[in-house]
>>> print(open('coords_21.txt').read())   # compact mmCIF, C-alpha atoms and all ligand atoms
# COMPACT_ATOMS: atom_id res chain seq x y z
CA MET A 1 12.31 -43.42 -3.46
CA LYS A 2 11.08 -40.07 -2.07
CA THR A 3 8.94 -37.77 -4.22
CA VAL A 4 9.36 -34.01 -4.42
CA LEU A 5 6.80 -31.60 -5.81
CA LEU A 6 8.77 -28.57 -7.02
CA THR A 7 6.80 -25.49 -8.05
CA GLY A 8 8.66 -23.12 -10.37
CA GLY A 9 10.90 -26.02 -11.44
CA ALA A 10 11.39 -24.71 -14.98
CA GLY A 11 12.96 -21.48 -13.72
CA PHE A 12 16.60 -20.69 -13.07
CA ILE A 13 16.94 -22.04 -9.50
CA GLY A 14 14.16 -24.62 -9.90
CA SER A 15 15.82 -26.32 -12.87
CA HIS A 16 19.12 -26.68 -10.97
CA LEU A 17 17.21 -28.16 -8.02
CA CYS A 18 15.37 -30.62 -10.32
CA ARG A 19 18.72 -31.86 -11.67
CA TYR A 20 20.33 -32.05 -8.21
CA LEU A 21 17.41 -33.98 -6.68
CA LEU A 22 17.22 -36.43 -9.60
CA ASP A 23 20.95 -37.08 -9.09
CA LYS A 24 20.19 -37.75 -5.40
CA ARG A 25 17.62 -40.38 -6.54
CA PHE A 26 14.43 -38.43 -5.83
CA ARG A 27 11.37 -38.57 -8.04
CA VAL A 28 10.70 -34.96 -9.11
CA ILE A 29 7.36 -33.55 -10.19
CA CYS A 30 7.98 -30.11 -11.62
CA VAL A 31 4.93 -27.82 -11.77
CA ASP A 32 5.36 -24.57 -13.65
CA ASN A 33 3.19 -22.34 -15.83
CA LEU A 34 6.26 -21.01 -17.72
CA LEU A 35 5.38 -17.42 -16.83
CA THR A 36 9.06 -16.48 -16.44
CA GLY A 37 10.58 -19.98 -16.81
CA ASP A 38 11.57 -21.91 -19.90
CA LEU A 39 10.95 -25.54 -20.77
CA ASN A 40 14.46 -25.63 -22.30
CA ASN A 41 15.83 -25.38 -18.75
CA VAL A 42 14.51 -28.90 -18.04
CA ALA A 43 14.61 -30.30 -21.60
CA SER A 44 17.54 -32.57 -20.81
CA LEU A 45 15.65 -34.07 -17.83
CA ARG A 46 12.49 -35.07 -19.65
CA ALA A 47 13.80 -38.48 -20.72
CA ASN A 48 14.47 -39.36 -17.06
CA PRO A 49 11.66 -41.71 -15.86
CA ASN A 50 11.82 -40.12 -12.40
CA PHE A 51 10.99 -36.67 -13.78
CA ASP A 52 7.57 -35.29 -14.69
CA PHE A 53 6.67 -31.85 -15.92
CA ILE A 54 3.15 -30.50 -15.38
CA LYS A 55 2.22 -27.15 -16.89
CA HIS A 56 0.00 -25.57 -14.26
CA ASP A 57 -0.57 -22.23 -12.57
CA VAL A 58 -0.12 -22.86 -8.83
CA THR A 59 -2.46 -20.00 -7.92
CA LYS A 60 -5.16 -22.51 -9.02
CA ASN A 61 -5.88 -25.65 -7.03
CA ILE A 62 -3.10 -28.28 -7.26
CA HIS A 63 -4.38 -31.85 -7.42
CA LEU A 64 -2.04 -34.85 -7.44
CA ASP A 65 -3.02 -38.48 -6.89
CA GLU A 66 0.35 -39.80 -5.74
CA ASP A 67 2.16 -39.58 -2.41
CA ILE A 68 4.45 -36.59 -1.93
CA ASP A 69 7.27 -36.40 0.64
CA PHE A 70 8.48 -32.82 0.06
CA VAL A 71 6.83 -29.72 -1.40
CA LEU A 72 9.38 -27.11 -2.49
CA HIS A 73 7.63 -23.86 -3.41
CA PHE A 74 9.82 -21.83 -5.79
CA ALA A 75 7.20 -20.48 -8.22
CA SER A 76 7.32 -16.67 -8.41
CA PRO A 77 8.62 -13.99 -10.75
CA ALA A 78 11.96 -13.09 -9.19
CA SER A 79 13.67 -10.39 -11.21
CA PRO A 80 12.68 -6.74 -10.67
CA ILE A 81 11.71 -6.31 -14.33
CA ASP A 82 9.45 -9.39 -14.09
CA TYR A 83 7.64 -8.47 -10.92
CA LYS A 84 7.22 -4.85 -11.94
CA LYS A 85 5.61 -6.09 -15.20
CA LEU A 86 3.61 -8.83 -13.40
CA PRO A 87 2.62 -7.22 -10.08
CA ILE A 88 -0.68 -9.05 -9.58
CA GLN A 89 0.67 -12.47 -10.63
CA THR A 90 3.56 -11.91 -8.18
CA LEU A 91 1.20 -11.14 -5.29
CA LYS A 92 -1.06 -14.06 -6.26
CA VAL A 93 1.72 -16.66 -6.45
CA GLY A 94 3.13 -15.53 -3.08
CA SER A 95 -0.31 -15.67 -1.43
CA LEU A 96 -2.70 -18.05 -3.25
CA GLY A 97 0.18 -20.10 -4.70
CA THR A 98 1.78 -20.55 -1.28
CA HIS A 99 -1.62 -21.43 0.19
CA ASN A 100 -2.16 -24.11 -2.46
CA ALA A 101 1.36 -25.51 -2.06
CA LEU A 102 0.91 -25.66 1.74
CA GLY A 103 -2.45 -27.36 1.12
CA VAL A 104 -0.66 -30.15 -0.77
CA ALA A 105 1.87 -30.53 2.06
CA LYS A 106 -0.97 -30.75 4.60
CA ALA A 107 -3.03 -33.24 2.57
CA LYS A 108 -0.02 -35.48 1.87
CA GLY A 109 1.73 -35.13 5.24
CA ALA A 110 4.76 -33.76 3.33
CA LYS A 111 7.56 -31.47 4.47
CA PHE A 112 7.35 -27.97 3.00
CA LEU A 113 10.10 -25.55 1.96
CA LEU A 114 9.41 -21.96 0.92
CA ALA A 115 11.79 -20.02 -1.33
CA SER A 116 11.82 -16.63 0.35
CA THR A 117 14.21 -13.80 -0.32
CA SER A 118 16.61 -11.26 1.16
CA GLU A 119 14.09 -8.71 -0.18
CA VAL A 120 12.06 -9.30 3.00
CA TYR A 121 14.74 -7.07 4.59
CA GLY A 122 13.91 -4.26 2.11
CA ASP A 123 16.39 -1.37 2.18
CA PRO A 124 18.03 -2.61 5.40
CA LEU A 125 18.95 -0.44 8.35
CA ILE A 126 21.09 -3.24 9.82
CA HIS A 127 24.15 -4.57 8.04
CA PRO A 128 24.80 -7.46 7.45
CA GLN A 129 21.27 -8.82 7.78
CA PRO A 130 20.60 -11.59 10.34
CA GLU A 131 17.35 -13.59 10.25
CA SER A 132 16.18 -11.76 13.39
CA TYR A 133 16.00 -8.42 11.49
CA TRP A 134 12.39 -7.51 10.60
CA GLY A 135 13.27 -5.40 7.60
CA ASN A 136 12.58 -1.99 6.11
CA VAL A 137 10.08 -2.50 3.28
CA ASN A 138 7.93 0.07 1.50
CA PRO A 139 4.69 -1.90 1.05
CA ILE A 140 3.28 0.37 -1.65
CA GLY A 141 6.44 1.03 -3.71
CA PRO A 142 7.02 -0.77 -7.02
CA ARG A 143 9.12 -3.47 -5.32
CA GLY A 144 6.50 -3.93 -2.58
CA VAL A 145 4.54 -6.47 -4.65
CA TYR A 146 7.44 -8.92 -4.43
CA ASP A 147 8.68 -8.10 -0.93
CA GLU A 148 5.23 -8.19 0.65
CA ALA A 149 4.20 -11.34 -1.26
CA LYS A 150 7.22 -13.12 0.24
CA ARG A 151 6.61 -11.66 3.71
CA PHE A 152 3.00 -12.90 3.53
CA ALA A 153 4.24 -16.29 2.25
CA GLU A 154 6.58 -16.57 5.27
CA ALA A 155 3.75 -15.65 7.67
CA LEU A 156 1.42 -18.22 6.09
CA THR A 157 4.11 -20.91 6.17
CA LEU A 158 4.72 -20.42 9.89
CA ALA A 159 0.94 -20.26 10.52
CA TYR A 160 0.63 -23.72 8.90
CA HIS A 161 3.54 -24.94 10.99
CA ARG A 162 2.01 -23.65 14.23
CA THR A 163 -1.61 -24.55 13.45
CA HIS A 164 -1.33 -27.75 11.41
CA LYS A 165 2.06 -28.93 12.71
CA ILE A 166 3.51 -29.14 9.19
CA ASP A 167 7.28 -29.51 9.09
CA THR A 168 8.08 -26.25 7.27
CA LYS A 169 11.36 -24.63 6.24
CA ILE A 170 12.02 -21.14 4.86
CA VAL A 171 15.13 -20.23 2.90
CA ARG A 172 15.88 -16.51 2.53
CA ILE A 173 17.83 -16.53 -0.71
CA PHE A 174 20.30 -13.71 -1.40
CA ASN A 175 21.22 -12.81 -5.00
CA THR A 176 22.13 -16.02 -6.77
CA TYR A 177 23.56 -16.40 -10.25
CA GLY A 178 24.73 -19.02 -12.72
CA PRO A 179 23.85 -20.83 -15.96
CA HIS A 180 20.16 -20.88 -16.99
CA MET A 181 19.51 -17.26 -16.06
CA ARG A 182 17.75 -15.44 -18.87
CA ARG A 183 20.02 -13.06 -20.72
CA LYS A 184 17.43 -10.30 -20.58
CA ASP A 185 16.01 -10.92 -17.12
CA GLY A 186 17.19 -7.58 -15.82
CA ARG A 187 19.27 -8.85 -12.88
CA ALA A 188 22.75 -7.33 -12.73
CA ILE A 189 24.90 -10.36 -13.60
CA PRO A 190 23.06 -11.66 -16.71
CA GLU A 191 22.39 -8.10 -17.84
CA PHE A 192 26.07 -7.05 -17.56
CA ILE A 193 27.27 -10.27 -19.21
CA ASP A 194 24.81 -9.81 -22.07
CA GLN A 195 25.86 -6.19 -22.56
CA ALA A 196 29.57 -7.02 -22.31
CA LEU A 197 29.35 -9.94 -24.77
CA SER A 198 27.37 -7.96 -27.32
CA GLY A 199 29.61 -4.88 -27.02
CA LYS A 200 26.73 -2.67 -25.82
CA PRO A 201 27.29 -0.17 -22.98
CA ILE A 202 27.17 -1.77 -19.51
CA THR A 203 24.46 0.12 -17.64
CA VAL A 204 25.09 0.69 -13.96
CA PHE A 205 22.29 2.23 -11.88
CA GLY A 206 23.13 5.21 -9.66
CA ASP A 207 26.86 5.71 -9.14
CA GLY A 208 27.31 1.94 -8.69
CA SER A 209 28.33 2.27 -5.04
CA GLN A 210 25.33 0.21 -3.84
CA THR A 211 26.51 -3.23 -2.76
CA ARG A 212 25.32 -6.76 -3.42
CA SER A 213 26.50 -10.22 -2.33
CA PHE A 214 26.36 -12.88 -5.03
CA CYS A 215 26.05 -16.61 -4.41
CA TYR A 216 26.84 -19.18 -7.09
CA ILE A 217 23.97 -21.54 -7.84
CA SER A 218 25.71 -24.78 -6.76
CA ASP A 219 26.33 -23.31 -3.28
CA LEU A 220 22.68 -22.26 -2.97
CA VAL A 221 21.40 -25.70 -4.03
CA ASP A 222 23.69 -27.37 -1.49
CA GLY A 223 22.33 -25.04 1.24
CA ILE A 224 18.72 -25.74 0.24
CA TYR A 225 19.31 -29.49 0.35
CA ARG A 226 20.84 -29.25 3.83
CA LEU A 227 17.87 -27.14 4.99
CA MET A 228 15.35 -29.61 3.50
CA ASN A 229 16.89 -32.32 5.64
CA SER A 230 17.22 -30.24 8.81
CA ASP A 231 14.73 -29.68 11.61
CA LEU A 232 14.89 -25.86 11.36
CA ASN A 233 11.38 -24.47 10.93
CA GLU A 234 12.25 -20.77 11.00
CA PRO A 235 13.92 -18.77 8.19
CA VAL A 236 17.58 -19.34 7.29
CA ASN A 237 19.70 -16.98 5.15
CA ILE A 238 21.57 -18.65 2.31
CA GLY A 239 23.92 -16.35 0.42
CA ASN A 240 27.56 -15.55 -0.08
CA PRO A 241 28.73 -12.79 2.32
CA ALA A 242 31.47 -11.58 -0.09
CA GLU A 243 30.16 -8.08 -0.84
CA PHE A 244 30.90 -6.03 -3.97
CA SER A 245 29.73 -2.69 -5.25
CA VAL A 246 27.72 -2.87 -8.46
CA LEU A 247 30.46 -0.88 -10.19
CA GLU A 248 33.10 -3.42 -9.08
CA LEU A 249 30.88 -6.17 -10.49
CA ALA A 250 30.55 -4.36 -13.84
CA ASN A 251 34.34 -3.96 -14.03
CA MET A 252 34.93 -7.66 -13.21
CA ILE A 253 32.51 -8.77 -15.94
CA LYS A 254 34.09 -6.38 -18.44
CA LYS A 255 37.51 -7.85 -17.60
CA PHE A 256 36.48 -11.55 -17.65
CA THR A 257 34.63 -11.19 -20.98
CA LYS A 258 37.52 -9.12 -22.41
CA SER A 259 34.85 -6.66 -23.51
CA LYS A 260 35.39 -3.21 -24.98
CA SER A 261 31.97 -2.03 -23.71
CA LYS A 262 31.80 1.32 -21.95
CA ILE A 263 30.29 1.52 -18.48
CA ILE A 264 27.46 4.08 -18.37
CA PHE A 265 25.32 5.27 -15.46
CA LYS A 266 21.51 5.47 -15.26
CA PRO A 267 19.20 6.78 -12.49
CA LEU A 268 18.77 4.49 -9.50
CA PRO A 269 15.37 2.72 -9.48
CA ILE A 270 12.93 3.63 -6.65
CA ASP A 271 13.56 1.79 -3.34
CA ASP A 272 16.70 0.07 -4.70
CA PRO A 273 18.46 -1.34 -1.60
CA LYS A 274 21.75 0.46 -0.86
CA VAL A 275 23.44 -2.51 0.77
CA ARG A 276 22.89 -6.25 0.89
CA GLN A 277 24.95 -8.85 2.74
CA PRO A 278 23.78 -12.02 4.47
CA ASP A 279 24.69 -12.89 8.02
CA ILE A 280 25.11 -16.64 7.57
CA SER A 281 25.95 -17.60 11.18
CA LYS A 282 22.75 -19.65 11.45
CA ALA A 283 23.41 -21.67 8.26
CA LYS A 284 27.02 -22.21 9.37
CA LYS A 285 26.04 -23.37 12.84
CA TYR A 286 22.98 -25.52 12.13
CA LEU A 287 23.49 -26.66 8.53
CA LYS A 288 27.30 -26.72 8.54
CA TRP A 289 26.96 -24.80 5.28
CA LEU A 290 29.46 -22.38 3.76
CA PRO A 291 29.62 -21.08 0.19
CA LYS A 292 32.61 -22.47 -1.71
CA VAL A 293 32.58 -20.81 -5.14
CA GLU A 294 34.40 -17.50 -5.35
CA ILE A 295 33.10 -14.74 -7.59
CA GLU A 296 35.81 -15.11 -10.26
CA GLU A 297 35.14 -18.83 -10.72
CA GLY A 298 31.35 -18.39 -10.65
CA LEU A 299 31.37 -15.52 -13.13
CA ASN A 300 33.68 -17.39 -15.51
CA LYS A 301 31.41 -20.47 -15.44
CA THR A 302 28.36 -18.28 -16.08
CA ILE A 303 30.07 -16.40 -18.92
CA SER A 304 31.08 -19.72 -20.57
CA TRP A 305 27.47 -20.91 -20.42
CA PHE A 306 26.21 -17.66 -21.95
CA ASN A 307 28.77 -18.13 -24.72
CA LYS A 308 27.67 -21.71 -25.47
CA PRO A 309 25.63 -22.06 -28.68
CA SER A 310 23.30 -24.73 -27.23
CA LYS A 311 22.04 -23.90 -23.76
CA SER A 312 21.51 -27.33 -22.17
P1 LIG B 1 12.66 -17.69 -12.30
O1 LIG B 1 11.77 -16.61 -12.80
O2 LIG B 1 13.72 -18.19 -13.20
O3 LIG B 1 11.81 -18.94 -11.81
C1 LIG B 1 10.51 -18.82 -11.28
C2 LIG B 1 9.65 -19.91 -11.89
O4 LIG B 1 8.32 -19.83 -11.33
C3 LIG B 1 9.49 -19.75 -13.40
O5 LIG B 1 9.78 -20.97 -14.06
C4 LIG B 1 8.03 -19.35 -13.58
O6 LIG B 1 7.48 -19.77 -14.82
C5 LIG B 1 7.39 -20.03 -12.38
N1 LIG B 1 6.11 -19.44 -11.99
C6 LIG B 1 5.83 -18.14 -11.72
N2 LIG B 1 4.53 -17.99 -11.39
C7 LIG B 1 3.98 -19.24 -11.43
C8 LIG B 1 2.69 -19.75 -11.19
N3 LIG B 1 1.66 -18.95 -10.83
N4 LIG B 1 2.46 -21.09 -11.33
C9 LIG B 1 3.48 -21.93 -11.69
N5 LIG B 1 4.72 -21.49 -11.94
C10 LIG B 1 4.98 -20.16 -11.81
O7 LIG B 1 13.30 -17.15 -10.94
P2 LIG B 1 14.41 -17.78 -9.98
O8 LIG B 1 15.51 -16.82 -9.89
O9 LIG B 1 14.68 -19.18 -10.36
O10 LIG B 1 13.65 -17.75 -8.59
C11 LIG B 1 13.05 -18.93 -8.04
C12 LIG B 1 12.56 -18.64 -6.63
O11 LIG B 1 13.65 -18.23 -5.80
C13 LIG B 1 11.53 -17.52 -6.57
O12 LIG B 1 10.53 -17.86 -5.62
C14 LIG B 1 12.33 -16.33 -6.11
O13 LIG B 1 11.53 -15.41 -5.41
C15 LIG B 1 13.36 -16.97 -5.21
N6 LIG B 1 14.58 -16.15 -5.12
C16 LIG B 1 15.48 -16.08 -6.13
C17 LIG B 1 16.62 -15.29 -5.99
C18 LIG B 1 17.69 -15.23 -7.05
O14 LIG B 1 18.71 -14.58 -6.83
N7 LIG B 1 17.59 -15.90 -8.18
C19 LIG B 1 16.81 -14.53 -4.83
C20 LIG B 1 15.84 -14.59 -3.85
C21 LIG B 1 14.74 -15.41 -3.98
>>> encode(input="coords_21.txt", output="structure tokens", more="lines below")
Ligand code: NAD
Amino acid sequence: MKTVLLTGGAGFIGSHLCRYLLDKRFRVICVDNLLTGDLNNVASLRANPNFDFIKHDVTKNIHLDEDIDFVLHFASPASPIDYKKLPIQTLKVGSLGTHNALGVAKAKGAKFLLASTSEVYGDPLIHPQPESYWGNVNPIGPRGVYDEAKRFAEALTLAYHRTHKIDTKIVRIFNTYGPHMRRKDGRAIPEFIDQALSGKPITVFGDGSQTRSFCYISDLVDGIYRLMNSDLNEPVNIGNPAEFSVLELANMIKKFTKSKSKIIFKPLPIDDPKVRQPDISKAKKYLKWLPKVEIEEGLNKTISWFNKPSKS
């Protein structure tokens, strides 16, 4: 049985990965300090003898006695409201946290996978964004703490690959959604669903013409698993290229929740990207990966989960 160390495993994506890897017969050690995660996300896994939860801040030294085959580094605040509230923790987990996680991979001879983000492309001047695009990031703007932390994390990961010959992988994740997102985490889909279900106005930033591409969580997890088992050491985009304006998204959620909420408009946050769409040619060619879940199905599954009284 192979052992995975998963940092950030109690978060939205991390908890889905924990479940998926346990189903694939991995032993999973989930390390999380619960800064933005929730132990309830992994509550149903705790009885599994192949699962361990360790509450630990990965910006501090990580010490484990047992053998590790894969280190998956997902710890980081990920929603704009989180990283704007936690700017220093965000920079620290991208830099010191990535350094510590790479240190474990080096000491144990493990493979390493970094959760990076489409935010490394900033407010892109090329559309859709291929991995070869270097991005358009404002390093000192309010979003810079997240974007630059991930850009540094990518640079450090490839430095460990080139210097220490570690088998590293980097996934550039585009907006992903699904069950286990926090209702109030500020990202468009949970925010709109929360507002629609509680009959509050649905708040769209700007005129809502900015676009986003949304990937359902099961498609992302499938892509990550294929990347883990590939020999690609350089970044790979994983996201769903179907692109919608934020206003279209708000209208879809209003319709699927049968909500009477009004849609209202608020000023666009600073440095908010105007467009976002992954070029997934690399994932298609080398991982044979394609997203399968269409927006209507994904949104309906997410809405049903938000409506469930017990969130397991
Ligand atoms: P999340 O906030 O739900 O999960 C992040 C987890 O990391 C949380 O459980 C949090 O407690 C933990 N964490 C943060 N700092 C830590 C630290 N110092 N030590 C230990 N644990 C720490 O966010 P998510 O959406 O699940 O994102 C997971 C990863 O995927 C992040 O690295 C994020 O940057 C990346 N990502 C997510 C998306 C998305 O659409 N959800 C898009 C791009 C990239």
>>> atom_distance(input="coords_21.txt", atom1="atom CA of Pro142 of chain A", atom2="atom CA of Ile88 of chain A")
11.6 Å
>>> residues_around(input="coords_21.txt", residues="segment 243-252 of chain A", least_positions_apart="5", cutoff="10 Å", atoms="all atoms listed in the file", output="JSON, numbers by chain")
{"A": [128, 188, 189, 191, 192, 193, 196, 202, 203, 204, 205, 206, 207, 208, 209, 210, 211, 212, 213, 214, 257, 258, 259, 262, 263, 265, 274, 275, 276, 277, 278, 295, 296, 299]}
>>> closest_residue(input="coords_21.txt", among="A:Asn48, A:Thr157, A:Leu125, A:Asn40", to="Leu96 of chain A", atoms="all atoms listed in the file")
A:Thr157
>>> residues_near_point(input="coords_21.txt", point="(20.4, -25.7, 14.2)", cutoff="8 Å", atoms="all atoms listed in the file", output="ChimeraX atom specification")
/A:230-232,282-283,285-287
>>> residues_near_ligand(input="coords_21.txt", ligand="ligand LIG 1 (chain B)", cutoff="6 Å", atoms="only C-alpha atoms and all ligand atoms", output="JSON list (two decimals) with C-alpha atoms, keeping the file's coordinate frame")
[["chain", "number", "residue", "atom", "x", "y", "z"],
["A", 7, "THR", "CA", 6.80, -25.49, -8.05],
["A", 8, "GLY", "CA", 8.66, -23.12, -10.37],
["A", 9, "GLY", "CA", 10.90, -26.02, -11.44],
["A", 10, "ALA", "CA", 11.39, -24.71, -14.98],
["A", 11, "GLY", "CA", 12.96, -21.48, -13.72],
["A", 12, "PHE", "CA", 16.60, -20.69, -13.07],
["A", 13, "ILE", "CA", 16.94, -22.04, -9.50],
["A", 14, "GLY", "CA", 14.16, -24.62, -9.90],
["A", 32, "ASP", "CA", 5.36, -24.57, -13.65],
["A", 33, "ASN", "CA", 3.19, -22.34, -15.83],
["A", 34, "LEU", "CA", 6.26, -21.01, -17.72],
["A", 35, "LEU", "CA", 5.38, -17.42, -16.83],
["A", 36, "THR", "CA", 9.06, -16.48, -16.44],
["A", 37, "GLY", "CA", 10.58, -19.98, -16.81],
["A", 56, "HIS", "CA", 0.00, -25.57, -14.26],
["A", 57, "ASP", "CA", -0.57, -22.23, -12.57],
["A", 58, "VAL", "CA", -0.12, -22.86, -8.83],
["A", 59, "THR", "CA", -2.46, -20.00, -7.92],
["A", 74, "PHE", "CA", 9.82, -21.83, -5.79],
["A", 75, "ALA", "CA", 7.20, -20.48, -8.22],
["A", 76, "SER", "CA", 7.32, -16.67, -8.41],
["A", 77, "PRO", "CA", 8.62, -13.99, -10.75],
["A", 78, "ALA", "CA", 11.96, -13.09, -9.19],
["A", 93, "VAL", "CA", 1.72, -16.66, -6.45],
["A", 115, "ALA", "CA", 11.79, -20.02, -1.33],
["A", 116, "SER", "CA", 11.82, -16.63, 0.35],
["A", 117, "THR", "CA", 14.21, -13.80, -0.32],
["A", 173, "ILE", "CA", 17.83, -16.53, -0.71],
["A", 174, "PHE", "CA", 20.30, -13.71, -1.40],
["A", 175, "ASN", "CA", 21.22, -12.81, -5.00],
["A", 176, "THR", "CA", 22.13, -16.02, -6.77]]
>>> closest_residue(input="coords_21.txt", among="A:Ile217, A:Val236, A:Ala107, A:Ile140", to="Tyr20 of chain A", atoms="only C-alpha atoms")
A:Ile217
>>> atom_distance(input="coords_21.txt", atom1="atom CA of Asp123 of chain A", atom2="atom CA of Asp222 of chain A")
27.3 Å
>>> atom_distance(input="coords_21.txt", atom1="atom CA of His16 of chain A", atom2="atom CA of Leu102 of chain A")
22.2 Å
>>> residues_around(input="coords_21.txt", residues="Val120 of chain A", least_positions_apart="2", cutoff="10 Å", atoms="all atoms listed in the file", output="PyMOL selection string")
chain A and resi 116-118+122-124+131+133-137+144+146-152+154+172-173
>>> closest_residue(input="coords_21.txt", among="A:Arg46, A:Pro190, A:Ile29, A:Ala159", to="Ile253 of chain A", atoms="all atoms listed in the file")
A:Pro190
>>> residues_around(input="coords_21.txt", residues="Lys111 of chain A", least_positions_apart="4", cutoff="9 Å", atoms="all atoms listed in the file", output="CSV table (one decimal) with C-alpha atoms, keeping the file's coordinate frame")
chain,number,residue,atom,x,y,z
A,68,ILE,CA,4.4,-36.6,-1.9
A,69,ASP,CA,7.3,-36.4,0.6
A,70,PHE,CA,8.5,-32.8,0.1
A,71,VAL,CA,6.8,-29.7,-1.4
A,72,LEU,CA,9.4,-27.1,-2.5
A,105,ALA,CA,1.9,-30.5,2.1
A,106,LYS,CA,-1.0,-30.8,4.6
A,166,ILE,CA,3.5,-29.1,9.2
A,167,ASP,CA,7.3,-29.5,9.1
A,168,THR,CA,8.1,-26.2,7.3
A,169,LYS,CA,11.4,-24.6,6.2
A,228,MET,CA,15.4,-29.6,3.5
>>> closest_residue(input="coords_21.txt", among="A:Ile264, A:Leu64, A:Ile224, A:Pro241", to="Lys288 of chain A", atoms="only C-alpha atoms")
A:Ile224
>>> closest_residue(input="coords_21.txt", among="A:Phe256, A:Trp305, A:Tyr121, A:Phe112", to="Tyr177 of chain A", atoms="all atoms listed in the file")
A:Trp305
>>> closest_residue(input="coords_21.txt", among="A:Lys60, A:Arg27, A:His127, A:Arg19", to="Pro273 of chain A", atoms="only C-alpha atoms")
A:His127
